[in-house]
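The file entry.cif comes next; it holds mmCIF, C-alpha atoms.
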```
data_model
loop_
_atom_site.label_atom_id
_atom_site.label_comp_id
_atom_site.auth_asym_id
_atom_site.auth_seq_id
_atom_site.Cartn_x
_atom_site.Cartn_y
_atom_site.Cartn_z
CA MET A 457 -10.36 -10.68 31.34
CA GLU A 458 -11.26 -8.58 28.32
CA VAL A 459 -8.33 -6.92 26.60
CA GLU A 460 -9.22 -3.71 24.81
CA ASP A 461 -7.28 -3.10 21.61
CA VAL A 462 -6.51 0.57 21.12
CA PRO A 463 -5.53 1.35 17.51
CA ASP A 464 -3.87 4.63 18.51
CA LYS A 465 -1.17 2.61 20.29
CA ALA A 466 -0.20 1.02 16.98
CA ARG A 467 0.71 4.43 15.54
CA ARG A 468 2.54 5.41 18.71
CA ASN A 469 4.55 2.18 18.74
CA LEU A 470 5.44 2.47 15.05
CA MET A 471 6.56 6.08 15.46
CA PHE A 472 8.58 5.17 18.56
CA VAL A 473 10.41 2.26 16.93
CA ALA A 474 10.99 4.09 13.62
CA THR A 475 12.32 7.27 15.25
CA GLY A 476 14.46 5.13 17.57
CA VAL A 477 16.13 3.38 14.61
CA ILE A 478 16.63 6.70 12.82
CA ALA A 479 18.06 8.29 15.99
CA VAL A 480 20.59 5.46 16.45
CA TRP A 481 21.74 5.95 12.85
CA ALA A 482 21.66 9.76 12.76
CA LEU A 483 23.40 10.27 16.12
CA GLY A 484 25.88 7.44 15.62
CA ILE A 485 24.88 5.78 18.88
CA PRO A 486 27.06 2.67 19.36
CA LEU A 487 25.38 -0.64 20.04
CA ASP A 488 27.09 -1.20 23.39
CA GLY A 489 26.33 -0.62 27.04
CA LYS A 490 23.08 -1.68 28.63
CA LEU A 491 19.59 -1.52 27.19
CA ILE A 492 17.14 -0.03 29.71
CA GLY A 493 19.90 -0.57 32.31
CA VAL A 494 19.30 -4.33 32.38
CA ILE A 495 20.20 -6.09 29.17
CA ASP A 496 23.89 -6.03 28.32
CA ILE A 497 24.07 -5.60 24.55
CA LYS A 498 27.79 -4.94 24.38
CA SER A 499 28.49 -8.57 23.53
CA VAL A 500 25.59 -8.87 21.10
CA GLN A 501 26.59 -9.03 17.46
CA PRO A 502 25.41 -5.82 15.72
CA TRP A 503 23.65 -7.69 12.92
CA ARG A 504 21.43 -9.41 15.48
CA ALA A 505 20.42 -6.06 16.95
CA TRP A 506 19.59 -4.68 13.51
CA ALA A 507 17.68 -7.84 12.60
CA CYS A 508 15.60 -7.53 15.76
CA ALA A 509 14.98 -3.85 15.02
CA LEU A 510 13.84 -4.75 11.49
CA LEU A 511 11.47 -7.45 12.76
CA VAL A 512 9.95 -5.20 15.41
CA LEU A 513 9.59 -2.42 12.86
CA ALA A 514 7.87 -4.77 10.40
CA TYR A 515 5.43 -5.95 13.09
CA CYS A 516 4.61 -2.37 14.19
CA TYR A 517 4.16 -1.33 10.57
CA ALA A 518 1.72 -4.17 9.87
CA ARG A 519 -0.09 -3.53 13.13
CA TYR A 520 -0.57 0.14 12.25
CA HIS A 521 -1.43 -0.43 8.58
CA TYR A 522 -4.22 -2.93 9.36
CA ALA A 523 -5.67 -1.00 12.30
CA PRO A 524 -9.35 -0.10 11.65
CA SER A 525 -8.76 3.57 12.45
CA THR A 526 -5.96 3.75 9.86
CA GLY A 527 -8.17 2.31 7.12
CA HIS A 528 -11.00 4.68 8.01
CA GLY A 529 -8.73 7.73 8.07
CA LEU A 530 -7.06 6.87 4.75
CA SER A 531 -10.46 6.19 3.16
CA GLU A 532 -11.69 9.65 4.12
CA TRP A 533 -8.45 11.17 2.80
CA ARG A 534 -8.89 9.41 -0.56
CA THR A 535 -12.53 10.52 -0.73
CA VAL A 536 -11.53 14.17 -0.31
CA ARG A 537 -8.97 13.75 -3.12
CA THR A 538 -11.56 12.15 -5.39
CA LYS A 539 -14.06 14.95 -4.82
CA MET A 540 -11.41 17.59 -5.46
CA ARG A 541 -10.42 15.86 -8.72
CA ALA A 542 -14.06 15.72 -9.84
CA ARG A 543 -14.51 19.45 -9.22
CA LEU A 544 -11.39 20.29 -11.22
CA ILE A 545 -12.45 18.04 -14.11
CA GLU A 546 -15.94 19.55 -14.10
CA ASP A 547 -14.55 23.09 -14.27
CA LEU A 548 -12.16 22.15 -17.09
CA VAL A 549 -14.84 20.39 -19.15
CA LYS A 550 -17.56 23.02 -18.75
CA THR A 551 -15.14 25.82 -19.64
CA ALA A 552 -13.89 23.88 -22.66
CA ILE A 553 -17.42 23.15 -23.93
CA ILE A 554 -18.49 26.78 -23.62
CA LYS A 555 -15.38 27.98 -25.45
CA THR A 556 -15.81 25.36 -28.16
CA LEU A 557 -19.43 26.34 -28.80
CA GLU A 558 -18.46 30.01 -28.86
CA GLY A 559 -15.69 29.31 -31.37
CA ALA A 560 -12.97 30.38 -28.95
CA PRO A 561 -9.66 28.45 -28.97
CA GLN A 562 -8.87 26.09 -26.10
CA ASN A 563 -6.35 23.26 -25.79
CA ARG A 564 -7.00 21.85 -22.33
CA VAL A 565 -9.77 19.35 -23.14
CA SER A 566 -10.52 17.35 -26.29
CA ILE A 567 -14.22 17.70 -27.06
CA LYS A 568 -16.41 15.54 -29.30
CA TYR A 569 -20.11 16.29 -29.72
CA GLU A 570 -22.96 15.01 -31.83
CA HIS A 571 -24.65 18.23 -32.76
CA GLU A 572 -25.10 21.84 -31.81
CA PRO A 573 -28.52 23.17 -30.87
CA THR A 574 -30.83 24.55 -33.50
CA ASP A 575 -31.28 28.30 -33.82
CA GLY A 576 -33.06 29.84 -30.90
CA TYR A 577 -31.81 27.21 -28.43
CA ARG A 578 -28.73 28.93 -27.06
CA TYR A 579 -29.45 28.81 -23.35
CA MET A 580 -27.93 25.67 -21.91
CA ARG A 581 -27.33 23.63 -18.81
CA ILE A 582 -24.34 21.28 -18.72
CA VAL A 583 -25.14 18.22 -16.64
CA PRO A 584 -23.26 14.94 -16.24
CA GLY A 585 -24.60 11.89 -18.03
CA ASP A 586 -24.35 10.05 -14.71
CA GLU A 587 -23.31 10.91 -11.18
CA SER A 588 -19.71 9.77 -11.71
CA ALA A 589 -19.17 11.48 -15.09
CA PHE A 590 -16.45 13.74 -13.72
CA ASP A 591 -14.70 11.09 -11.62
CA ARG A 592 -12.57 10.18 -14.63
CA TRP A 593 -10.32 12.11 -16.99
CA LYS A 594 -12.49 11.08 -19.94
CA GLY A 595 -16.20 10.49 -20.26
CA GLU A 596 -19.47 11.96 -21.50
CA VAL A 597 -21.75 14.78 -20.45
CA ARG A 598 -25.17 15.80 -21.67
CA ILE A 599 -26.14 19.36 -22.44
CA HIS A 600 -29.78 20.31 -22.22
CA TRP A 601 -30.90 23.30 -24.27
CA ALA A 602 -33.71 25.76 -23.73
CA PRO A 603 -35.15 28.49 -25.94
CA LEU A 604 -33.30 31.77 -25.61
CA GLU A 605 -36.42 33.67 -24.51
CA ILE A 606 -36.74 31.72 -21.25
CA GLN A 607 -33.14 32.36 -20.22
CA THR A 608 -34.23 34.70 -17.44
CA VAL A 609 -36.56 32.07 -16.01
CA LYS A 610 -33.73 29.56 -15.58
CA PRO A 611 -35.81 26.39 -15.73
CA SER A 612 -34.86 23.30 -13.79
CA ILE A 613 -33.09 20.36 -15.39
CA GLU A 614 -36.32 18.37 -15.19
CA VAL A 615 -38.15 21.01 -17.25
CA MET A 616 -35.32 21.21 -19.79
CA LYS A 617 -35.26 17.43 -20.18
CA LYS A 618 -38.93 17.49 -21.24
CA MET A 619 -38.10 19.93 -24.03
CA GLY A 620 -36.27 17.09 -25.78
CA ASN A 621 -33.34 19.15 -27.05
CA PHE A 622 -29.97 17.96 -25.86
CA GLY A 623 -26.52 17.03 -27.07
CA GLN A 624 -24.16 14.29 -25.92
CA PHE A 625 -20.58 15.48 -25.53
CA GLY A 626 -17.52 13.29 -25.12
CA PHE A 627 -14.49 14.76 -23.38
CA ALA A 628 -10.90 13.82 -22.59
CA VAL A 629 -8.68 16.06 -20.49
CA ASN A 630 -5.30 16.50 -22.18
CA ILE A 631 -2.02 15.37 -20.61
CA CYS A 632 -0.61 18.75 -19.48
CA PRO A 633 -3.70 20.05 -17.65
CA ARG A 634 -4.23 16.58 -16.23
CA ALA A 635 -0.71 16.58 -14.76
CA GLN A 636 -1.14 20.13 -13.44
CA SER A 637 -4.42 19.17 -11.80
CA GLU A 638 -2.94 16.07 -10.18
CA ILE A 639 -0.03 18.10 -8.80
CA ALA A 640 -2.47 20.65 -7.37
CA ILE A 641 -4.57 17.87 -5.82
CA TRP A 642 -1.59 16.16 -4.17
CA ARG A 643 -0.14 19.46 -2.95
CA HIS A 644 -3.43 20.27 -1.29
CA SER A 645 -3.99 16.80 0.14
CA LEU A 646 -0.42 16.55 1.52
CA ARG A 647 -0.42 19.97 3.17
CA LEU A 648 0.68 19.88 6.78
CA GLY A 649 -2.28 19.09 9.00
CA TRP A 650 -3.72 16.56 11.41
CA THR A 651 -4.55 13.98 8.73
CA THR A 652 -1.02 14.15 7.30
CA LEU A 653 0.65 13.87 10.68
CA GLU A 654 -1.62 11.12 11.99
CA PHE A 655 -2.15 8.82 9.01
CA LEU A 656 0.49 9.59 6.36
CA LEU A 657 3.72 10.53 8.16
CA PRO A 658 4.23 7.09 9.80
CA TYR A 659 4.56 5.43 6.38
CA PRO A 660 7.62 7.27 4.98
CA LEU A 661 9.16 7.35 8.46
CA ALA A 662 8.84 3.56 8.78
CA VAL A 663 10.18 2.96 5.26
CA PHE A 664 13.19 5.20 5.92
CA ALA A 665 13.91 3.43 9.21
CA ALA A 666 13.56 0.02 7.53
CA GLY A 667 16.05 1.08 4.87
CA ILE A 668 18.56 2.08 7.55
CA ALA A 669 18.09 -1.18 9.46
CA PHE A 670 18.38 -3.33 6.35
CA TYR A 671 21.49 -1.46 5.19
CA HIS A 672 23.29 -1.98 8.51
CA LEU A 673 22.10 -5.58 8.70
CA ALA A 674 23.62 -6.32 5.29
CA ILE A 675 26.87 -4.52 6.18
CA ASP A 676 27.30 -6.34 9.48
CA LEU A 677 26.45 -9.72 7.97
CA LYS A 678 29.03 -9.17 5.28
CA ASP A 679 31.71 -8.13 7.77
CA THR A 680 30.90 -10.91 10.25
CA TYR A 681 30.59 -13.84 7.89
CA LYS A 682 32.63 -12.52 4.94
CA ILE A 683 29.69 -12.97 2.58
CA GLN A 684 30.98 -12.34 -0.92
CA TRP A 685 27.70 -12.20 -2.82
CA LEU A 686 26.71 -8.92 -1.17
CA PRO A 687 27.67 -5.92 -3.33
CA ALA A 688 30.31 -3.48 -2.15
CA TRP A 689 28.79 -0.62 -0.14
#
```
Reformat the file's structure so that it appears as structure tokens.
Amino acid sequence: MEVEDVPDKARRNLMFVATGVIAVWALGIPLDGKLIGVIDIKSVQPWRAWACALLVLAYCYARYHYAPSTGHGLSEWRTVRTKMRARLIEDLVKTAIIKTLEGAPQNRVSIKYEHEPTDGYRYMRIVPGDESAFDRWKGEVRIHWAPLEIQTVKPSIEVMKKMGNFGQFGFAVNICPRAQSEIAIWRHSLRLGWTTLEFLLPYPLAVFAAGIAFYHLAIDLKDTYKIQWLPAW
């Protein structure tokens, strides 16, 4: 008989176990009575119950983390973040280069360039030196220049390359704008939505539940076996 593995069940199981552990802690539910009306857990030592909860939680966490759908969803989420970072870096660098060439002050990007264009070549196109030039906070871009009189024509990059007038610019985004950009990227990527609820929320929920289970496991072990090496809680 073929058994179909459904990755969505891994997320459901992890959320169920994690929220169950958190509910027991938050509501102060005692570990007595009967579990599912069958198993009498009143006589079970509490540390055993917490150890079992921790093991089940660890298994569900690993099962969810290594599910193919989880990897695919997180990969898409990281790709969106990377593209957003590249757009921000591109805007910062292009603005900084234009201001630098115009003699205007700017302190967001450190710019190094080989040479400015000769007189009459003031129309420019800023293009990356390679496709991933703006994937990093520092790198190089190439500026292709065209004669001022053909500005209205707006030639293609291929045409401007044949003119043989270009400059290689090195850039490095400074610390403050870099931090501001990263904060903006994370705020946007962590906004409440389907991706956040489906792929990201189970992680902090599972970690929080694991912390609760481990804390109570340590407490109960210390009280049951009078373990002295555990620190005072």
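Interatomic distance, atom CA of A:Ser612 to atom CA of A:Ser566: 28.0 Å.
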| message | I'd like the interatomic distance between atom CA of A:Lys539 and atom CA of A:Phe625, to a tenth of an Å. | response |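 Interatomic distance, atom CA of A:Lys539 to atom CA of A:Phe625: 21.7 Å.
Nearest to A:Tyr671 of all the residues A:Val629, A:Glu532, A:Lys568, A:Trp481 is A:Trp481, based on all atoms listed in the file.
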| message | For the PyMOL selection byres ((chain A and resi 668) around 10), applied here, can you spell out every residue it catches as an MDAnalysis selection string? | response | chainID A and resid 474 477:478 480:482 506 510 662:667 669:673
Selection to disk with C-alpha atoms, as a PDB file, in the coordinates of the input:
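Result saved to result36.pdb:
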```pdb
ATOM      1  CA  ALA A 474      10.990   4.090  13.620  1.00  0.00           C
ATOM      2  CA  VAL A 477      16.130   3.380  14.610  1.00  0.00           C
ATOM      3  CA  ILE A 478      16.630   6.700  12.820  1.00  0.00           C
ATOM      4  CA  VAL A 480      20.590   5.460  16.450  1.00  0.00           C
ATOM      5  CA  TRP A 481      21.740   5.950  12.850  1.00  0.00           C
ATOM      6  CA  ALA A 482      21.660   9.760  12.760  1.00  0.00           C
ATOM      7  CA  TRP A 506      19.590  -4.680  13.510  1.00  0.00           C
ATOM      8  CA  LEU A 510      13.840  -4.750  11.490  1.00  0.00           C
ATOM      9  CA  ALA A 662       8.840   3.560   8.780  1.00  0.00           C
ATOM     10  CA  VAL A 663      10.180   2.960   5.260  1.00  0.00           C
ATOM     11  CA  PHE A 664      13.190   5.200   5.920  1.00  0.00           C
ATOM     12  CA  ALA A 665      13.910   3.430   9.210  1.00  0.00           C
ATOM     13  CA  ALA A 666      13.560   0.020   7.530  1.00  0.00           C
ATOM     14  CA  GLY A 667      16.050   1.080   4.870  1.00  0.00           C
ATOM     15  CA  ALA A 669      18.090  -1.180   9.460  1.00  0.00           C
ATOM     16  CA  PHE A 670      18.380  -3.330   6.350  1.00  0.00           C
ATOM     17  CA  TYR A 671      21.490  -1.460   5.190  1.00  0.00           C
ATOM     18  CA  HIS A 672      23.290  -1.980   8.510  1.00  0.00           C
ATOM     19  CA  LEU A 673      22.100  -5.580   8.700  1.00  0.00           C
TER      20      LEU A 673
END
```
| task | Could you tell me how far atom CA of A:Pro524 lies from atom CA of A:Val536, in Å and to one decimal? | result |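 Spanning atom CA of A:Pro524 to atom CA of A:Val536 is a straight-line distance of 18.7 Å.
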| task | On this file, the PyMOL selection byres ((chain A and resi 636-651) around 10) gives some set of residues; write that set as a PyMOL selection string. | result | chain A and resi 529-530+532-534+536-541+544-545+548+631-635+652-657
| task | Expand the PyMOL selection byres ((chain A and resi 590) around 10) into the individual residues it matches in the shown file, reporting them as a list in words. | result |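 Checked against the file, the PyMOL selection byres ((chain A and resi 590) around 10) matches Thr538, Lys539, Arg541, Ala542, Arg543, Leu544, Ile545, Glu546, Asp547, Val549, Pro584, Gly585, Asp586, Glu587, Ser588, Ala589, Asp591, Arg592, Trp593, Lys594, Gly595, Glu596, Val597 and Phe627 of chain A.
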Can you spit out the residues from that selection as an mmCIF file, in the frame of the given file, using C-alpha atoms?
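The resulting file, out-v3.cif, is reproduced below:
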```cif
data_model
loop_
_atom_site.group_PDB
_atom_site.id
_atom_site.type_symbol
_atom_site.label_atom_id
_atom_site.label_comp_id
_atom_site.auth_asym_id
_atom_site.auth_seq_id
_atom_site.Cartn_x
_atom_site.Cartn_y
_atom_site.Cartn_z
ATOM 1 C CA THR A 538 -11.560 12.150 -5.390
ATOM 2 C CA LYS A 539 -14.060 14.950 -4.820
ATOM 3 C CA ARG A 541 -10.420 15.860 -8.720
ATOM 4 C CA ALA A 542 -14.060 15.720 -9.840
ATOM 5 C CA ARG A 543 -14.510 19.450 -9.220
ATOM 6 C CA LEU A 544 -11.390 20.290 -11.220
ATOM 7 C CA ILE A 545 -12.450 18.040 -14.110
ATOM 8 C CA GLU A 546 -15.940 19.550 -14.100
ATOM 9 C CA ASP A 547 -14.550 23.090 -14.270
ATOM 10 C CA VAL A 549 -14.840 20.390 -19.150
ATOM 11 C CA PRO A 584 -23.260 14.940 -16.240
ATOM 12 C CA GLY A 585 -24.600 11.890 -18.030
ATOM 13 C CA ASP A 586 -24.350 10.050 -14.710
ATOM 14 C CA GLU A 587 -23.310 10.910 -11.180
ATOM 15 C CA SER A 588 -19.710 9.770 -11.710
ATOM 16 C CA ALA A 589 -19.170 11.480 -15.090
ATOM 17 C CA ASP A 591 -14.700 11.090 -11.620
ATOM 18 C CA ARG A 592 -12.570 10.180 -14.630
ATOM 19 C CA TRP A 593 -10.320 12.110 -16.990
ATOM 20 C CA LYS A 594 -12.490 11.080 -19.940
ATOM 21 C CA GLY A 595 -16.200 10.490 -20.260
ATOM 22 C CA GLU A 596 -19.470 11.960 -21.500
ATOM 23 C CA VAL A 597 -21.750 14.780 -20.450
ATOM 24 C CA PHE A 627 -14.490 14.760 -23.380
#
```
| task | Counting all atoms listed in the file, figure out which residue out of A:Ala674, A:Ala505, A:Leu513, A:Ile599 gets nearest to A:Gly626. | result |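 Using all atoms listed in the file, the shortest distance to A:Gly626 belongs to A:Ile599.
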| query | Of the candidates A:Val473, A:Lys465, A:Asn630, A:Tyr569, which shows the shortest atom-to-atom distance to A:Thr526, using only C-alpha atoms? | reply |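 Looking at the shortest contact to A:Thr526, the residue is A:Lys465.
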